[in-house]
Amino acid sequence: MGSGELSGRDVLTRSVRGQGRRVAVGAVLGCVHQLGEALVPVLIGVVVDQAVAGRDAGRLVLWLAVLAVLYVCLSWSFRLGARIGERGAEEAAHTLRLALVRRVLDPRGGAEDDRLAGELANVATEDAKRVGAVNMALMSGVWAVAGLAVSAVVLLLTSVPLGLIVLVGTPVLLWLGHLLSKPLERRSEAEQDRAAGAAGVAADLVAGLRVLKGLGAQQAAVERYRRTSRVSLAATLRAARAESWQTGLVLALTGVFIALIAWVGGRLALEGSLSLGQLVTAVGLALFLLGPLETFAWVNADLAQGRASAARIARVLAAGPAVVGGEEPVPAGVRGELRLRGVRLGGLDGVDLDVPAGRLTGIAVTDPACAEALLGCLGREVDPESGSVELDGVPLTRLAPAELRAAVLVAAHDAALFEGSLAANVRPAQGTADGGPDPRTARAMAAADADEVARSLPHGAATQVGEGGRSLSGGQRQRVLLARALRAEPPVLVVHDPTTAVDAVTEARIAQGLREIRQGRTTVVVTNSPALLAVTDRVVFLDGGRVGAEGTHGELARTHATYRTAVLA
Amino acid sequence: MSVTAAPNGSERALLPTATPARTRAAVRELLRPHRALAVAGFGTMMLATAVGLLTQPLLGHIVDAVAEHRSPDALTWPVLALAGVALVQGLTTALGMSLVSRLGETALARLRELFVARALSLPLERLERAGSGDLNARVTRDVSRVADAVRGALPELARSGLSIVLTLGALALLDWRFLLAALAAVPVQAHTARWYVRNAVPLYAKERIAAGAQQQQLLDTIGGARTVRAHRLQEGHTRQVTERSRAAVELTMRGVRLVLRFYSRLHIAEYVGLTAVLVTGYWLVRSGSASIGTATAAALYFHSLFGPVNTALVLLDDAQSATAGLARLVGVVDEPAPAPGDGAEDRAAAVPGAPAVTLTGVSHAYAPGRPVLDGVDLQVRPEERVALVGTTGAGKTTLAKLVAGLHRPTAGRVDVGGTEPDGSGRLVGLVTQEVHVFAGPLADDLRLARPDAGDEELREALAAVGALGWAEQLPDGLDTVVGDGSHRLTADRAQQLALARVLLADPPVVVLDEATAEAGSSGARLLDEAAERALRGRTALVVAHRLSQAAAADRVVVLDGGRVVEQGTHDELLAARGRYAALWRAWSDNRSASPTGLTDRTGLTELPAPAEPAAGGSPAAH
């Protein structure tokens with residue numbers, strides 16, 4: 001991670017600042033609403049005092065009209081304020097989500113290292129949402145302060161001693177409740193975590209259903225689930241009990257507090273320093289005050305969550321790039337000659353290697369890690385620790401990664417297919433729109449035997465391949481992946497193990513197709529498959545991180561014992 | 001019970017959903033054993049609420065005492081009573097809520113256990129028709145939705161409901177006319193609730209779909225980030241994420257607007273009711289039939305109703321989605337259990353030694369008119385190892401599934417040691433290329449295959465498949481938690497684990513369906529050796545992709561277009577120069593190091609001639 005980087009606090013401030021106007025407007029409207037809610041018990045007191053006690057019909061009508069106006073104000077201010085607040089929260093989350101996706105997809109990479117896709121997707125949904133929700137929480141905090149201030153003023157205007165009791169007593173009450181329930185809360189959280197386990201186990205068993213059936217292990221699985229479920233139940237019950245006592249405790253404390261106010265207020269009223277209506281108002285406001293104070297509690301919790309989420313987002317956004325340097329465009333007219341000199345990385349231990357332009361070169365390895373490292377270097381997913389990789393004599397580290405990949409396409413063995421039709425996957429740059437039949441696509445499909453895949457699917461090339469292409473079998477996926485790489489028609493194509501899941505006959509056909517369609521363009525096949533190696537012009541054999549031998553497949557197979565074991569066994 | 005009808009037989013047929021009546025009956029059945037708990041729980045909650053309602057009359061008393069200018073001592077008992085009410089209310093609420101949670105949680109635990117037990121016993125065929133997403137959604141989303149409702153909504157709803165009913169009762173006790181006044185709000189509330197549910201249900205369904213689509217897109221894009229970079233697809237993917245995120249945001253906002261309109265209408269109801277109660281108070285005090293204290297108590301009662309009424313109406317929403325989830329759970333629980341069979345398979349499994357496998361005239365079609373297997377006759381002798389060979393789509397996997405008993409053949413008979421396999425796995429073990437590592441300690445994963453296996457047995461099984469080395473080097477050895485979300489095993493290790501499970505489960509017949517195909521070119525040999533050990537002493541059917549597996553088998557059966565086109569030993573078939581010989585040449589020519597191989601450049605540019613017939617003959621099959 002670089003220096004001068006983004007912190008969680010920066011993410012949070014930017015997110016709030018980005019929604020500044022909404023937050024401000026929402027806060028003001030929310031304050032109006034709080035004022036209105038606080039005034040409802042006040043008005044009830046006024047009605048009792050002036051109209052009911054005074055038996056005055058005129059005043060009754062007057063004050064009920066005032067109450068109506070009050071309701072209109074509080075209702076509308078709440079509706080508008082909350083809507084603006086939620087919009088702010090959602091927009092902030094949306095902005096963060098896109099920033100995260102852009103960072104992950106950045107040509108220089110580095111953001112998704114060591115992180116599972118699911119985890120990153122969660123950062124982009126849940127964490128972004130929580131940071132967005134901070135906007136709403138801030139607004140609610142402002143509202144609560146306003147509600148508190150209004151009640152304080154009204155109470156103090158009504159009666160100074162009673163006002164002071166309520167104002168001092170309410171926070172004390174909440175603090176006391178918080179203090180008493182804290183151990184309960186902690187316990188409840190721990191228990192709920194344990195309780196969540198049962199759901200995970202069930203989903204996992206269902207996901208592995210075929211395996212269970214294949215082994216006749218259903219009964220064992222059901223037994224196991226029952227045990228988990230019972231442990232989970234016990235934990236949930238403990239948590240529920242803790243929560244119930246917490247609720248009961250708060251109820252009891254609040255009730256005792258109201259009794260105290262009623263007692264003091266009643267005595268003050270009997271002494272004549274408080275009117276009947278003021279007594280009712282004071283009791284009503286004491287109840288109302290609990291609302292804003294509880295709001296503080298959850299606003300605090302939301303802010304804490306928001307901070308934690310913002311820190312997670314900042315870690316992704318600020319992740320250092322996997323490759324640094326290189327801004328130059330690729331010179332026009334790529335010949336496609338690759339040259340590696342003294343490359344060290346992963347399993348590669350000083351590799352010197354030349355890939356001639358316009359030829360089909362095979363690279364066989366003894367250590368799969370070498371293949372990975374080699375592919376990483378060629379696609380500039382990662383730069384070598386030492387040594388150089390050159391394209392037409394220009395070091396790759398001087399070229400902009402995105403530009404480079406237009407010239408050198410590395411088709412990884414485990415490359416992804418995307419949701420959409422088979423056709424859209426073969427021509428992804430075109431988007432989902434069907435471009436209709438296109439002879440070059442047809443050629444690429446045929447060369448990769450993907451036309452055969454299309455024919456076996458219910459809707460041909462228009463068939464949806466499902467999330468990550470999962471509705472296709474391993475062999476079908478591989479052929480579609482290869483077709484996509486071939487259709488991209490890059491000046492230099494590097495493919496890795498494109499046929500491990502297809503049968504021998506198909507593999508031979510694909511090998512031939514690959515050779516024909518790439519005629520005259522630089523192509524590298526990294527594989528140990530003899531069927532593919534046999535169609536190459538030349539094979540480079542990497543034995544334990546160094547070039548062990550070079551020659552045609554036939555020569556190597558005849559003369560090189562290690563090669564024979566690696567490739568032909 | 002209703003089955004979501006599919007437009008035609010070959011399309012999706014979702015698992016059933018229970019009718020509302022059946023769902024209610026199922027809930028009653030679940031609660032029946034806990035009747036005493038239910039009575040105690042709701043009784044205590046009722047007591048708590050009733051006691052709490054004494055607050056307002058006591059406050060009214062204080063108001064009256066003030067209005068009548070009585071001595072300060074007159075305040076003492078109502079104040080003490082208020083404090084007492086608070087304490088009793090707190091205590092009984094705590095007790096009542098924990099009893100009600102116990103009731104709900106115990107019933108829920110029972111329901112989810114029944115659900116999982118039934119889900120795991122559903123025939124695979126049924127699940128495949130429903131799509132794996134359906135069951136997964138039920139076991140995750142629906143269970144958690146019902147759980148959330150039981151945990152949060154049920155106690156709150158009970159409390160609010162009781163508060164409302166008893167508060168209205170208390171209003172009636174003060175004066176029946178106060179009750180009438182308060183009920184003025186009900187039509188508005190009822191109309192609002194109906195309006196809300198009508199609009200919210202479809203909207204939330206859309207919102208969930210949009211959220212799912214967004215999550216899906218993020219997983220797709222982020223999971224494929226390397227591919228996106230390699231093919232420079234950033235623009236398209238960013239656009240798709242933007243579109244789906246935007247759609248989700250807009251639907252969320254529509255939901256927010258709906259909820260806010262709902263609250264606005266509830267505000268109207270509040271105002272209508274409050275005004276009615278205040279006016280009634282005015283009339284009653286004026287006519288002398290109520291004191292000011294009573295009128296105050298009535299107004300305060302009504303004001304205190306706002307909270308529970310809003311809570312109850314908002315919770316209706318949760319209750320609605322929980323009920324829908326519940327119906328889907330009950331629907332699966334009510335699925336008829338597969339016929340338990342006559343235990344023939346158990347008896348067969350109990351007979352020592354490996355049985356023979358006989359297929360007589362077996363045909364199978366997933367969709368009518370598109371047979372995948374067509375009149376297959378095949379005999380596998382006890383302890384014989386038969387390799388199934390053929391191009392993609394020749395029907396190998398279907399044949400494997402039929403032998404394992406996961407599907408019933410459309411025609412013909414599969415016989416394993418005198419019985420028909422029922423897919424229970426005890427007689428015929430099946431390992432497919434679909435590997436799953438069960439989340440939890442590695443040892444627990446293995447013990448699924450044999451629950452009573454000791455540590456030594458686990459080690460032996462791992463050692464036999466060559467996995468003991470890495471397993472012991474895991475951070476906590478065999479106790480290391482593996483699977484999704486913890487220590488992830490590579491595909492070939494997961495495959496080794498699958499073979500170790502076979503050794504532990506020890507079925508007399510084993511079907512391996514391309515169990516080693518996914519391993520990269522270098523890990524395959526290791527897996528072949530592991531499979532070799534796992535199959536020893538068993539009758540085995542191996543779907544072979546690498547023909548080295550076929551060469552090592554006792555007999556090779558070549559399938560094409562759903563028919564057996566050749567069978568015999570490897571050598572016999574090579575000598576016969578038929579389909580298998582062609583396949584073998586295509587496969588081994590490239591491998592053979594002999595000078596007769598394709599060593600010169602010119603020969604390499606042509607497809608090896610002997611492979612041509614096979615290549616041309618098979619693709620039409622489906």
# chains A, B, ... in the order shown; residues from 1 in each chain; ligands from 1
>>> residues_around(residues="segment 50-62 of chain A", least_positions_apart="3", cutoff="6 Å", atoms="only C-alpha atoms", output="PyMOL selection string")
(chain A and resi 46-47+65) or (chain B and resi 282+286)
>>> residues_around(residues="Gly405 of chain B", least_positions_apart="2", cutoff="10 Å", atoms="only C-alpha atoms", output="mmCIF file with N, CA and C atoms, in the first residue's frame")
data_model
loop_
_atom_site.group_PDB
_atom_site.id
_atom_site.type_symbol
_atom_site.label_atom_id
_atom_site.label_comp_id
_atom_site.auth_asym_id
_atom_site.auth_seq_id
_atom_site.Cartn_x
_atom_site.Cartn_y
_atom_site.Cartn_z
ATOM 1 N N LYS A 213 -25.514 -37.634 -1.663
ATOM 2 C CA LYS A 213 -26.292 -38.720 -2.261
ATOM 3 C C LYS A 213 -25.369 -39.765 -2.841
ATOM 4 N N GLY A 214 -24.275 -39.306 -3.433
ATOM 5 C CA GLY A 214 -23.337 -40.231 -4.042
ATOM 6 C C GLY A 214 -22.728 -41.182 -3.024
ATOM 7 N N PRO B 123 -35.627 -36.756 -4.197
ATOM 8 C CA PRO B 123 -34.928 -37.377 -5.321
ATOM 9 C C PRO B 123 -34.205 -36.300 -6.137
ATOM 10 N N LEU B 124 -33.008 -36.642 -6.574
ATOM 11 C CA LEU B 124 -32.195 -35.673 -7.299
ATOM 12 C C LEU B 124 -32.900 -35.174 -8.551
ATOM 13 N N LEU B 399 -25.488 -42.657 -18.051
ATOM 14 C CA LEU B 399 -25.352 -44.064 -17.697
ATOM 15 C C LEU B 399 -24.835 -44.197 -16.262
ATOM 16 N N ALA B 400 -23.854 -43.378 -15.931
ATOM 17 C CA ALA B 400 -23.291 -43.409 -14.583
ATOM 18 C C ALA B 400 -24.364 -43.107 -13.546
ATOM 19 N N LYS B 401 -25.210 -42.105 -13.840
ATOM 20 C CA LYS B 401 -26.253 -41.723 -12.898
ATOM 21 C C LYS B 401 -27.288 -42.835 -12.731
ATOM 22 N N LEU B 402 -27.600 -43.525 -13.822
ATOM 23 C CA LEU B 402 -28.571 -44.607 -13.748
ATOM 24 C C LEU B 402 -28.035 -45.735 -12.874
ATOM 25 N N VAL B 403 -26.752 -46.064 -13.051
ATOM 26 C CA VAL B 403 -26.170 -47.145 -12.257
ATOM 27 C C VAL B 403 -26.146 -46.755 -10.787
ATOM 28 N N HIS B 407 -31.177 -41.588 -11.204
ATOM 29 C CA HIS B 407 -32.335 -41.517 -12.086
ATOM 30 C C HIS B 407 -32.842 -42.936 -12.309
ATOM 31 N N ARG B 408 -34.141 -43.046 -12.583
ATOM 32 C CA ARG B 408 -34.691 -44.325 -13.019
ATOM 33 C C ARG B 408 -34.692 -44.340 -14.534
ATOM 34 N N PRO B 409 -34.299 -45.450 -15.146
ATOM 35 C CA PRO B 409 -34.314 -45.459 -16.613
ATOM 36 C C PRO B 409 -35.744 -45.353 -17.135
ATOM 37 N N VAL B 414 -31.949 -51.653 -14.412
ATOM 38 C CA VAL B 414 -30.595 -51.642 -13.870
ATOM 39 C C VAL B 414 -30.615 -52.539 -12.646
ATOM 40 N N ASP B 415 -29.700 -53.473 -12.566
ATOM 41 C CA ASP B 415 -29.703 -54.416 -11.471
ATOM 42 C C ASP B 415 -28.312 -54.443 -10.832
ATOM 43 N N VAL B 416 -28.282 -54.205 -9.546
ATOM 44 C CA VAL B 416 -27.008 -54.267 -8.826
ATOM 45 C C VAL B 416 -27.143 -55.315 -7.731
ATOM 46 N N GLU B 420 -32.580 -53.071 -7.417
ATOM 47 C CA GLU B 420 -32.467 -51.861 -8.216
ATOM 48 C C GLU B 420 -31.857 -50.783 -7.324
ATOM 49 N N PRO B 421 -30.810 -50.108 -7.752
ATOM 50 C CA PRO B 421 -30.209 -49.093 -6.875
ATOM 51 C C PRO B 421 -31.201 -47.947 -6.649
ATOM 52 N N ASP B 422 -31.308 -47.444 -5.411
ATOM 53 C CA ASP B 422 -32.288 -46.386 -5.139
ATOM 54 C C ASP B 422 -31.632 -45.032 -4.907
ATOM 55 N N GLY B 423 -30.356 -44.940 -5.213
ATOM 56 C CA GLY B 423 -29.703 -43.639 -5.076
ATOM 57 C C GLY B 423 -29.370 -43.281 -3.648
ATOM 58 N N SER B 424 -29.459 -44.259 -2.749
ATOM 59 C CA SER B 424 -29.149 -43.943 -1.364
ATOM 60 C C SER B 424 -27.648 -43.949 -1.120
ATOM 61 N N GLY B 425 -26.886 -44.477 -2.092
ATOM 62 C CA GLY B 425 -25.434 -44.387 -1.985
ATOM 63 C C GLY B 425 -24.776 -45.474 -1.160
ATOM 64 N N LEU B 427 -25.075 -48.734 -1.567
ATOM 65 C CA LEU B 427 -24.668 -49.840 -2.420
ATOM 66 C C LEU B 427 -23.726 -49.360 -3.519
ATOM 67 N N VAL B 428 -24.119 -48.239 -4.144
ATOM 68 C CA VAL B 428 -23.322 -47.698 -5.239
ATOM 69 C C VAL B 428 -22.848 -46.307 -4.846
ATOM 70 N N GLY B 429 -21.547 -46.156 -4.691
ATOM 71 C CA GLY B 429 -20.994 -44.837 -4.385
ATOM 72 C C GLY B 429 -20.700 -44.123 -5.688
ATOM 73 N N LEU B 430 -21.013 -42.813 -5.736
ATOM 74 C CA LEU B 430 -20.793 -42.050 -6.956
ATOM 75 C C LEU B 430 -19.910 -40.844 -6.647
#
>>> residues_around(residues="Arg226 of chain B", least_positions_apart="3", cutoff="9 Å", atoms="only C-alpha atoms", output="ChimeraX atom specification")
/A:105,109,381,412,415-416 /B:222-223,229-231
>>> residues_around(residues="Arg413 of chain B", least_positions_apart="6", cutoff="6 Å", atoms="only C-alpha atoms", output="list in words")
Leu359, Thr360 and Val362 of chain B
>>> residues_around(residues="Pro356 of chain A", least_positions_apart="5", cutoff="12 Å", atoms="only C-alpha atoms", output="PyMOL selection string")
chain A and resi 335-340+361-362+390-393+492+520-524+537-540
>>> residues_around(residues="Gln240 of chain B", least_positions_apart="2", cutoff="10 Å", atoms="only C-alpha atoms", output="list in words")
Gly431 of chain A; Gln214, Gln217, Leu218, Thr221, Gln234, Glu235, Gly236, His237, Thr238, Thr242, Glu243, Arg244, Ser245 and Arg246 of chain B
>>> closest_residue(among="A:Leu348, A:Ile363, A:Ala448, A:Ala202", to="Val567 of chain A", atoms="only C-alpha atoms")
A:Ile363
>>> atom_distance(atom1="atom CA of Ala295 of chain B", atom2="atom CA of Gly147 of chain A")
27.0 Å
>>> atom_distance(atom1="atom CA of Ala50 of chain B", atom2="atom CA of Leu166 of chain B")
6.5 Å
>>> closest_residue(among="B:Thr49, B:Thr280, B:Thr391, B:Thr44", to="chain A", atoms="only C-alpha atoms")
B:Thr391
>>> closest_residue(among="A:Arg87, A:Arg108, A:Arg9, A:Arg102", to="Val23 of chain A", atoms="only C-alpha atoms")
A:Arg87
>>> closest_residue(among="A:Val69, A:Val280, A:Ala128, A:Ala508", to="Ile292 of chain B", atoms="only C-alpha atoms")
A:Val280
>>> select_by_dssp(residues="segment 201-401 of chain A", states="alpha helix (DSSP H)", output="JSON, numbers by chain")
{"A": [201, 202, 203, 204, 205, 206, 207, 209, 210, 211, 212, 213, 214, 215, 218, 219, 220, 221, 222, 223, 224, 225, 226, 227, 228, 229, 230, 231, 232, 233, 234, 235, 236, 237, 238, 239, 240, 241, 242, 243, 244, 245, 246, 247, 248, 249, 250, 251, 252, 253, 254, 255, 256, 257, 258, 259, 260, 261, 262, 263, 264, 265, 266, 267, 268, 269, 270, 271, 276, 277, 278, 279, 280, 281, 282, 283, 284, 285, 286, 287, 288, 289, 290, 291, 292, 293, 294, 295, 296, 297, 298, 299, 300, 301, 302, 303, 304, 305, 306, 307, 308, 309, 310, 311, 312, 313, 314, 315, 316, 317, 368, 369, 370, 371, 372, 373, 374, 375, 376, 377, 378, 401]}
>>> closest_residue(among="B:Gln433, B:Thr323, B:Asn199, B:Ser71", to="Ala26 of chain B", atoms="only C-alpha atoms")
B:Thr323
>>> closest_residue(among="B:Leu458, B:Leu512, B:Ala21, B:Leu75", to="Val543 of chain B", atoms="only C-alpha atoms")
B:Leu512
